[in-house]
$ cat my_file01.txt   # compact mmCIF, N, CA and C atoms
# COMPACT_ATOMS: atom_id res chain seq x y z
N MET A 14 -39.27 -1.46 0.48
CA MET A 14 -37.91 -1.09 0.86
C MET A 14 -37.06 -2.33 1.12
N LYS A 15 -37.65 -3.33 1.82
CA LYS A 15 -36.91 -4.56 2.11
C LYS A 15 -36.52 -5.27 0.82
N LYS A 16 -37.42 -5.27 -0.14
CA LYS A 16 -37.12 -5.92 -1.41
C LYS A 16 -35.92 -5.26 -2.09
N LEU A 17 -35.87 -3.96 -2.03
CA LEU A 17 -34.76 -3.23 -2.63
C LEU A 17 -33.44 -3.59 -1.96
N ILE A 18 -33.44 -3.72 -0.66
CA ILE A 18 -32.24 -4.10 0.08
C ILE A 18 -31.81 -5.52 -0.30
N TYR A 19 -32.75 -6.44 -0.35
CA TYR A 19 -32.43 -7.83 -0.71
C TYR A 19 -31.88 -7.92 -2.13
N ILE A 20 -32.48 -7.16 -3.04
CA ILE A 20 -32.01 -7.19 -4.42
C ILE A 20 -30.60 -6.64 -4.52
N SER A 21 -30.32 -5.53 -3.83
CA SER A 21 -28.97 -4.97 -3.90
C SER A 21 -27.95 -5.90 -3.25
N LEU A 22 -28.32 -6.57 -2.15
CA LEU A 22 -27.41 -7.55 -1.54
C LEU A 22 -27.14 -8.71 -2.48
N LEU A 23 -28.18 -9.20 -3.13
CA LEU A 23 -28.03 -10.31 -4.07
C LEU A 23 -27.13 -9.90 -5.23
N LEU A 24 -27.34 -8.72 -5.76
CA LEU A 24 -26.50 -8.25 -6.87
C LEU A 24 -25.05 -8.09 -6.44
N SER A 25 -24.81 -7.62 -5.23
CA SER A 25 -23.42 -7.47 -4.77
C SER A 25 -22.75 -8.82 -4.60
N VAL A 26 -23.49 -9.83 -4.13
CA VAL A 26 -22.93 -11.18 -4.00
C VAL A 26 -22.63 -11.76 -5.37
N LEU A 27 -23.53 -11.60 -6.30
CA LEU A 27 -23.31 -12.11 -7.65
C LEU A 27 -22.13 -11.42 -8.30
N ASP A 28 -22.00 -10.14 -8.09
CA ASP A 28 -20.90 -9.38 -8.67
C ASP A 28 -19.57 -9.88 -8.14
N VAL A 29 -19.46 -10.14 -6.85
CA VAL A 29 -18.21 -10.62 -6.26
C VAL A 29 -17.87 -12.00 -6.80
N GLN A 30 -18.87 -12.86 -6.94
CA GLN A 30 -18.62 -14.22 -7.40
C GLN A 30 -18.21 -14.27 -8.86
N SER A 31 -18.62 -13.29 -9.66
CA SER A 31 -18.28 -13.30 -11.08
C SER A 31 -17.01 -12.50 -11.37
N GLN A 32 -16.37 -12.01 -10.35
CA GLN A 32 -15.16 -11.20 -10.49
C GLN A 32 -14.02 -12.04 -11.07
N THR A 33 -13.28 -11.46 -11.99
CA THR A 33 -12.08 -12.11 -12.50
C THR A 33 -10.87 -11.31 -12.01
N TYR A 34 -9.77 -11.99 -11.85
CA TYR A 34 -8.57 -11.36 -11.30
C TYR A 34 -7.42 -11.53 -12.28
N SER A 35 -6.50 -10.59 -12.26
CA SER A 35 -5.37 -10.66 -13.17
C SER A 35 -4.25 -11.55 -12.63
N SER A 36 -4.32 -11.88 -11.34
CA SER A 36 -3.32 -12.78 -10.76
C SER A 36 -3.87 -13.43 -9.49
N ASN A 37 -3.22 -14.48 -9.07
CA ASN A 37 -3.59 -15.15 -7.83
C ASN A 37 -3.39 -14.20 -6.65
N TYR A 38 -2.32 -13.42 -6.70
CA TYR A 38 -2.03 -12.47 -5.63
C TYR A 38 -3.17 -11.46 -5.47
N GLU A 39 -3.65 -10.94 -6.58
CA GLU A 39 -4.76 -9.99 -6.55
C GLU A 39 -6.01 -10.63 -5.94
N GLU A 40 -6.29 -11.86 -6.32
CA GLU A 40 -7.45 -12.55 -5.78
C GLU A 40 -7.34 -12.73 -4.26
N VAL A 41 -6.17 -13.11 -3.79
CA VAL A 41 -5.95 -13.29 -2.35
C VAL A 41 -6.14 -11.96 -1.62
N MET A 42 -5.65 -10.88 -2.21
CA MET A 42 -5.80 -9.56 -1.58
C MET A 42 -7.27 -9.16 -1.47
N PHE A 43 -8.03 -9.37 -2.56
CA PHE A 43 -9.44 -9.03 -2.53
C PHE A 43 -10.20 -9.89 -1.54
N GLU A 44 -9.84 -11.15 -1.43
CA GLU A 44 -10.48 -12.02 -0.44
C GLU A 44 -10.18 -11.54 0.98
N ALA A 45 -8.96 -11.11 1.23
CA ALA A 45 -8.59 -10.61 2.56
C ALA A 45 -9.39 -9.34 2.89
N ILE A 46 -9.53 -8.47 1.92
CA ILE A 46 -10.30 -7.24 2.14
C ILE A 46 -11.77 -7.56 2.35
N HIS A 47 -12.27 -8.52 1.57
CA HIS A 47 -13.68 -8.92 1.70
C HIS A 47 -13.95 -9.53 3.08
N LYS A 48 -13.01 -10.31 3.60
CA LYS A 48 -13.18 -10.93 4.92
C LYS A 48 -13.16 -9.90 6.04
N ASP A 49 -12.24 -8.94 5.95
CA ASP A 49 -12.10 -7.94 7.01
C ASP A 49 -11.56 -6.66 6.40
N SER A 50 -12.46 -5.75 6.08
CA SER A 50 -12.05 -4.54 5.38
C SER A 50 -11.34 -3.52 6.27
N LEU A 51 -11.20 -3.81 7.54
CA LEU A 51 -10.48 -2.91 8.45
C LEU A 51 -9.09 -3.40 8.81
N HIS A 52 -8.87 -4.71 8.75
CA HIS A 52 -7.61 -5.28 9.22
C HIS A 52 -6.94 -6.14 8.15
N TYR A 53 -6.62 -5.55 7.05
CA TYR A 53 -5.88 -6.24 6.00
C TYR A 53 -4.57 -5.50 5.80
N ASN A 54 -3.65 -6.09 5.06
CA ASN A 54 -2.35 -5.47 4.87
C ASN A 54 -2.44 -4.45 3.73
N PHE A 55 -2.54 -3.19 4.11
CA PHE A 55 -2.72 -2.12 3.14
C PHE A 55 -1.53 -2.02 2.17
N PHE A 56 -0.34 -2.12 2.69
CA PHE A 56 0.87 -2.06 1.85
C PHE A 56 0.81 -3.13 0.77
N GLU A 57 0.52 -4.36 1.16
CA GLU A 57 0.48 -5.46 0.19
C GLU A 57 -0.67 -5.29 -0.79
N SER A 58 -1.78 -4.70 -0.35
CA SER A 58 -2.91 -4.50 -1.27
C SER A 58 -2.56 -3.51 -2.38
N LEU A 59 -1.69 -2.55 -2.09
CA LEU A 59 -1.30 -1.59 -3.11
C LEU A 59 -0.47 -2.23 -4.23
N LEU A 60 0.12 -3.37 -3.94
CA LEU A 60 0.94 -4.08 -4.93
C LEU A 60 0.11 -5.02 -5.82
N ALA A 61 -1.16 -5.20 -5.51
CA ALA A 61 -1.99 -6.17 -6.22
C ALA A 61 -2.22 -5.82 -7.69
N ILE A 62 -1.98 -4.58 -8.08
CA ILE A 62 -2.19 -4.18 -9.47
C ILE A 62 -1.18 -4.86 -10.42
N GLU A 63 -0.03 -5.22 -9.88
CA GLU A 63 1.02 -5.85 -10.70
C GLU A 63 0.68 -7.33 -10.92
N THR A 64 0.55 -7.73 -12.18
CA THR A 64 0.13 -9.10 -12.50
C THR A 64 1.16 -10.16 -12.10
N SER A 65 2.42 -9.79 -12.00
CA SER A 65 3.45 -10.77 -11.64
C SER A 65 3.80 -10.74 -10.15
N MET A 66 3.01 -10.03 -9.34
CA MET A 66 3.29 -9.91 -7.90
C MET A 66 3.10 -11.25 -7.21
N THR A 67 3.99 -11.52 -6.26
CA THR A 67 3.91 -12.72 -5.44
C THR A 67 4.03 -12.30 -3.98
N PRO A 68 3.60 -13.14 -3.05
CA PRO A 68 3.77 -12.82 -1.63
C PRO A 68 5.23 -12.60 -1.27
N GLU A 69 6.12 -13.35 -1.88
CA GLU A 69 7.55 -13.22 -1.58
C GLU A 69 8.10 -11.87 -2.03
N LEU A 70 7.70 -11.44 -3.22
CA LEU A 70 8.16 -10.15 -3.74
C LEU A 70 7.56 -9.01 -2.91
N ALA A 71 6.30 -9.12 -2.54
CA ALA A 71 5.67 -8.10 -1.69
C ALA A 71 6.39 -8.01 -0.36
N SER A 72 6.75 -9.14 0.20
CA SER A 72 7.48 -9.16 1.46
C SER A 72 8.85 -8.51 1.31
N GLU A 73 9.51 -8.75 0.19
CA GLU A 73 10.81 -8.13 -0.07
C GLU A 73 10.69 -6.61 -0.14
N TYR A 74 9.67 -6.11 -0.84
CA TYR A 74 9.46 -4.68 -0.93
C TYR A 74 9.17 -4.08 0.44
N LYS A 75 8.32 -4.76 1.19
CA LYS A 75 7.97 -4.28 2.52
C LYS A 75 9.20 -4.23 3.42
N GLN A 76 10.06 -5.21 3.31
CA GLN A 76 11.27 -5.26 4.12
C GLN A 76 12.21 -4.10 3.79
N LYS A 77 12.26 -3.71 2.53
CA LYS A 77 13.10 -2.58 2.13
C LYS A 77 12.64 -1.30 2.82
N VAL A 78 11.33 -1.08 2.87
CA VAL A 78 10.80 0.11 3.52
C VAL A 78 11.00 0.00 5.03
N THR A 79 10.75 -1.17 5.58
CA THR A 79 10.90 -1.38 7.02
C THR A 79 12.34 -1.13 7.46
N SER A 80 13.31 -1.52 6.65
CA SER A 80 14.71 -1.31 7.03
C SER A 80 15.04 0.18 7.13
N ILE A 81 14.43 1.00 6.29
CA ILE A 81 14.63 2.44 6.38
C ILE A 81 13.98 2.97 7.66
N LEU A 82 12.78 2.50 7.95
CA LEU A 82 12.09 2.96 9.15
C LEU A 82 12.85 2.58 10.42
N GLU A 83 13.46 1.41 10.40
CA GLU A 83 14.21 0.95 11.57
C GLU A 83 15.51 1.73 11.76
N SER A 84 15.97 2.38 10.71
CA SER A 84 17.21 3.16 10.83
C SER A 84 16.95 4.54 11.44
N ILE A 85 15.70 4.91 11.57
CA ILE A 85 15.31 6.21 12.12
C ILE A 85 14.96 6.01 13.60
N PRO A 86 15.37 6.94 14.46
CA PRO A 86 15.02 6.82 15.89
C PRO A 86 13.50 6.79 16.10
N PRO A 87 13.06 6.28 17.23
CA PRO A 87 11.62 6.24 17.51
C PRO A 87 11.03 7.65 17.65
N LYS A 88 9.72 7.72 17.66
CA LYS A 88 9.01 8.99 17.74
C LYS A 88 9.51 9.83 18.92
N GLU A 89 9.71 11.11 18.64
CA GLU A 89 10.20 12.05 19.65
C GLU A 89 9.02 12.73 20.34
N THR A 90 9.22 13.12 21.59
CA THR A 90 8.16 13.81 22.32
C THR A 90 8.17 15.31 22.04
N LYS A 91 9.33 15.87 21.75
CA LYS A 91 9.42 17.30 21.46
C LYS A 91 9.15 17.53 19.97
N ALA A 92 8.31 18.51 19.69
CA ALA A 92 7.87 18.78 18.32
C ALA A 92 9.02 19.07 17.37
N LYS A 93 10.00 19.85 17.82
CA LYS A 93 11.12 20.22 16.95
C LYS A 93 11.94 18.98 16.56
N LYS A 94 12.19 18.09 17.54
CA LYS A 94 12.94 16.87 17.25
C LYS A 94 12.13 15.92 16.37
N GLU A 95 10.83 15.87 16.60
CA GLU A 95 9.97 15.01 15.78
C GLU A 95 9.94 15.50 14.34
N LYS A 96 9.92 16.80 14.15
CA LYS A 96 9.94 17.35 12.80
C LYS A 96 11.24 16.95 12.08
N LYS A 97 12.35 17.04 12.77
CA LYS A 97 13.64 16.63 12.18
C LYS A 97 13.65 15.14 11.86
N ARG A 98 13.05 14.34 12.75
CA ARG A 98 12.99 12.90 12.53
C ARG A 98 12.18 12.58 11.28
N ILE A 99 11.05 13.24 11.11
CA ILE A 99 10.19 13.02 9.93
C ILE A 99 10.91 13.49 8.67
N GLU A 100 11.62 14.59 8.74
CA GLU A 100 12.38 15.08 7.58
C GLU A 100 13.46 14.07 7.19
N LYS A 101 14.12 13.49 8.17
CA LYS A 101 15.15 12.48 7.89
C LYS A 101 14.52 11.25 7.24
N LEU A 102 13.38 10.84 7.74
CA LEU A 102 12.68 9.70 7.17
C LEU A 102 12.29 9.99 5.72
N TYR A 103 11.73 11.16 5.49
CA TYR A 103 11.35 11.56 4.13
C TYR A 103 12.57 11.53 3.20
N ASP A 104 13.68 12.12 3.66
CA ASP A 104 14.90 12.15 2.84
C ASP A 104 15.39 10.74 2.53
N ASN A 105 15.38 9.86 3.53
CA ASN A 105 15.83 8.48 3.31
C ASN A 105 14.95 7.75 2.32
N ILE A 106 13.64 7.89 2.46
CA ILE A 106 12.73 7.23 1.52
C ILE A 106 12.92 7.81 0.12
N HIS A 107 13.01 9.12 0.04
CA HIS A 107 13.17 9.76 -1.27
C HIS A 107 14.48 9.34 -1.94
N ASN A 108 15.58 9.37 -1.20
CA ASN A 108 16.89 9.02 -1.78
C ASN A 108 17.00 7.55 -2.14
N THR A 109 16.30 6.69 -1.42
CA THR A 109 16.39 5.25 -1.67
C THR A 109 15.48 4.80 -2.80
N PHE A 110 14.25 5.29 -2.85
CA PHE A 110 13.26 4.75 -3.78
C PHE A 110 12.87 5.68 -4.92
N LEU A 111 12.72 6.95 -4.66
CA LEU A 111 12.09 7.86 -5.62
C LEU A 111 13.13 8.46 -6.56
N LYS A 112 13.18 7.91 -7.77
CA LYS A 112 14.21 8.30 -8.74
C LYS A 112 13.66 9.16 -9.88
N LYS A 113 12.47 8.83 -10.38
CA LYS A 113 11.96 9.53 -11.56
C LYS A 113 10.46 9.79 -11.39
N TYR A 114 10.08 11.06 -11.42
CA TYR A 114 8.68 11.44 -11.30
C TYR A 114 7.98 11.31 -12.65
N THR A 115 6.77 10.76 -12.62
CA THR A 115 5.92 10.69 -13.80
C THR A 115 4.47 10.78 -13.35
N LEU A 116 3.60 11.25 -14.22
CA LEU A 116 2.19 11.38 -13.83
C LEU A 116 1.52 10.03 -13.65
N THR A 117 1.96 9.03 -14.40
CA THR A 117 1.34 7.71 -14.31
C THR A 117 2.37 6.71 -13.77
N ALA A 118 2.13 6.25 -12.57
CA ALA A 118 3.01 5.25 -11.96
C ALA A 118 2.18 4.35 -11.05
N ASN A 119 2.53 3.09 -11.03
CA ASN A 119 1.90 2.16 -10.10
C ASN A 119 2.78 2.06 -8.86
N PHE A 120 2.19 1.62 -7.78
CA PHE A 120 2.90 1.55 -6.51
C PHE A 120 4.16 0.69 -6.61
N ASN A 121 4.09 -0.44 -7.28
CA ASN A 121 5.24 -1.33 -7.38
C ASN A 121 6.38 -0.75 -8.21
N ASP A 122 6.09 0.24 -9.06
CA ASP A 122 7.15 0.87 -9.87
C ASP A 122 8.22 1.52 -8.99
N ILE A 123 7.82 2.00 -7.83
CA ILE A 123 8.79 2.61 -6.91
C ILE A 123 9.91 1.64 -6.60
N PHE A 124 9.57 0.38 -6.40
CA PHE A 124 10.55 -0.63 -5.99
C PHE A 124 11.29 -1.25 -7.17
N GLU A 125 10.68 -1.19 -8.34
CA GLU A 125 11.30 -1.80 -9.50
C GLU A 125 12.30 -0.88 -10.20
N ASP A 126 11.90 0.37 -10.44
CA ASP A 126 12.80 1.27 -11.16
C ASP A 126 12.82 2.69 -10.60
N GLY A 127 12.15 2.92 -9.48
CA GLY A 127 12.16 4.24 -8.85
C GLY A 127 11.18 5.23 -9.43
N THR A 128 10.33 4.79 -10.33
CA THR A 128 9.32 5.67 -10.92
C THR A 128 8.20 5.88 -9.92
N TYR A 129 7.78 7.14 -9.76
CA TYR A 129 6.74 7.44 -8.79
C TYR A 129 5.91 8.64 -9.23
N ASN A 130 4.78 8.84 -8.56
CA ASN A 130 3.99 10.06 -8.69
C ASN A 130 3.59 10.50 -7.29
N CYS A 131 2.81 11.54 -7.18
CA CYS A 131 2.46 12.07 -5.86
C CYS A 131 1.76 11.04 -5.00
N VAL A 132 0.85 10.28 -5.58
CA VAL A 132 0.08 9.31 -4.82
C VAL A 132 0.96 8.15 -4.36
N THR A 133 1.76 7.59 -5.24
CA THR A 133 2.58 6.44 -4.84
C THR A 133 3.66 6.83 -3.84
N ALA A 134 4.22 8.02 -3.98
CA ALA A 134 5.23 8.48 -3.02
C ALA A 134 4.61 8.68 -1.65
N SER A 135 3.43 9.22 -1.61
CA SER A 135 2.73 9.39 -0.32
C SER A 135 2.38 8.04 0.28
N ALA A 136 1.95 7.12 -0.55
CA ALA A 136 1.54 5.80 -0.06
C ALA A 136 2.70 5.04 0.57
N VAL A 137 3.89 5.12 0.00
CA VAL A 137 5.03 4.38 0.55
C VAL A 137 5.35 4.86 1.97
N SER A 138 5.17 6.12 2.24
CA SER A 138 5.39 6.66 3.57
C SER A 138 4.22 6.38 4.49
N TYR A 139 3.03 6.63 4.01
CA TYR A 139 1.83 6.50 4.83
C TYR A 139 1.61 5.08 5.35
N THR A 140 1.86 4.11 4.52
CA THR A 140 1.55 2.73 4.91
C THR A 140 2.37 2.29 6.12
N HIS A 141 3.47 2.95 6.39
CA HIS A 141 4.30 2.56 7.54
C HIS A 141 4.26 3.56 8.68
N LEU A 142 3.72 4.73 8.43
CA LEU A 142 3.68 5.75 9.48
C LEU A 142 2.38 5.75 10.26
N ARG A 143 1.36 5.14 9.74
CA ARG A 143 0.07 5.20 10.44
C ARG A 143 0.01 4.30 11.63

$ encode --input "my_file01.txt" --output "structure tokens"
Amino acid sequence: MKKLIYISLLLSVLDVQSQTYSSNYEEVMFEAIHKDSLHYNFFESLLAIETSMTPELASEYKQKVTSILESIPPKETKAKKEKKRIEKLYDNIHNTFLKKYTLTANFNDIFEDGTYNCVTASAVSYTHLR
């Protein structure tokens, strides 16, 4: 059993070392996740699929979403008011970013041309609400 564990650990290390990346940004994201898989920037990791992504562009996208969140009042204690607050947030995100639905969309498409799908639209909200 110990041999099996050692072999699988060795194979996982070799696999990580032989990994190729489509961009420097993607490599940095994978290294961050590898170092600490619980405390990395989830929003920025979703942008790693784009080969031309840079830290500056990721920061710009994040700031756009943050500015919408900052325009909404803080969490309400009463359920009815909180529901209205979430609806307003949803409407603001939808009106600002989500322009054209398609089955195949990458996360960064939301910020580039407004193209989105169910997963990417959920991700843009989730990454800042959790």

$ atom_distance --input "my_file01.txt" --atom1 "atom CA of A:Lys88" --atom2 "atom CA of A:Phe120"
26.1 Å

$ axis_aligned_box --input "my_file01.txt" --around "stretch 41-51 of chain A" --padding-each-side "6 Å" --output "lines of an AutoDock Vina configuration file"
center_x = -9.8
center_y = -8.1
center_z = 2.5
size_x = 20.3
size_y = 22.4
size_z = 24.6

$ closest_residue --input "my_file01.txt" --among "A:Met42, A:Leu70, A:Ile99, A:Asn37" --to "A:Pro86" --atoms "only C-alpha atoms"
A:Ile99

$ closest_residue --input "my_file01.txt" --among "A:Glu83, A:Glu39, A:Asp49, A:Asp104" --to "A:Ala71" --atoms "only C-alpha atoms"
A:Glu39

$ residues_around --input "my_file01.txt" --residues "A:Ile106" --least-positions-apart "4" --cutoff "10 Å" --atoms "only C-alpha atoms" --output "list in words"
Lys77, Val78, Ile81, Leu82, Glu100, Lys101, Leu102, Phe110, Leu111, Ala134, Val137 and Ser138 of chain A

$ select_by_dssp --input "my_file01.txt" --residues "chain A" --states "alpha helix (DSSP H)" --output "PyMOL selection string"
chain A and resi 15-30+37-48+55-59+68-83+92-110+122-125+131-142

$ atom_distance --input "my_file01.txt" --atom1 "atom C of A:Ser35" --atom2 "atom C of A:Met66"
9.1 Å

$ atom_distance --input "my_file01.txt" --atom1 "atom CA of A:Glu40" --atom2 "atom CA of A:Ser80"
28.0 Å

$ closest_residue --input "my_file01.txt" --among "A:Tyr38, A:Phe55, A:Tyr139, A:Phe43" --to "A:Thr67" --atoms "only N, CA and C atoms"
A:Tyr38

$ residues_around --input "my_file01.txt" --residues "A:Tyr114" --least-positions-apart "3" --cutoff "8 Å" --atoms "only N, CA and C atoms" --output "list in words"
Leu111, Thr117, Ala118, Gly127, Thr128, Tyr129, Asn130 and Cys131 of chain A

$ select_by_dssp --input "my_file01.txt" --residues "chain A" --states "strand (DSSP E or B)" --output "list in words"
Lys113, Tyr114, Thr128 and Tyr129 of chain A
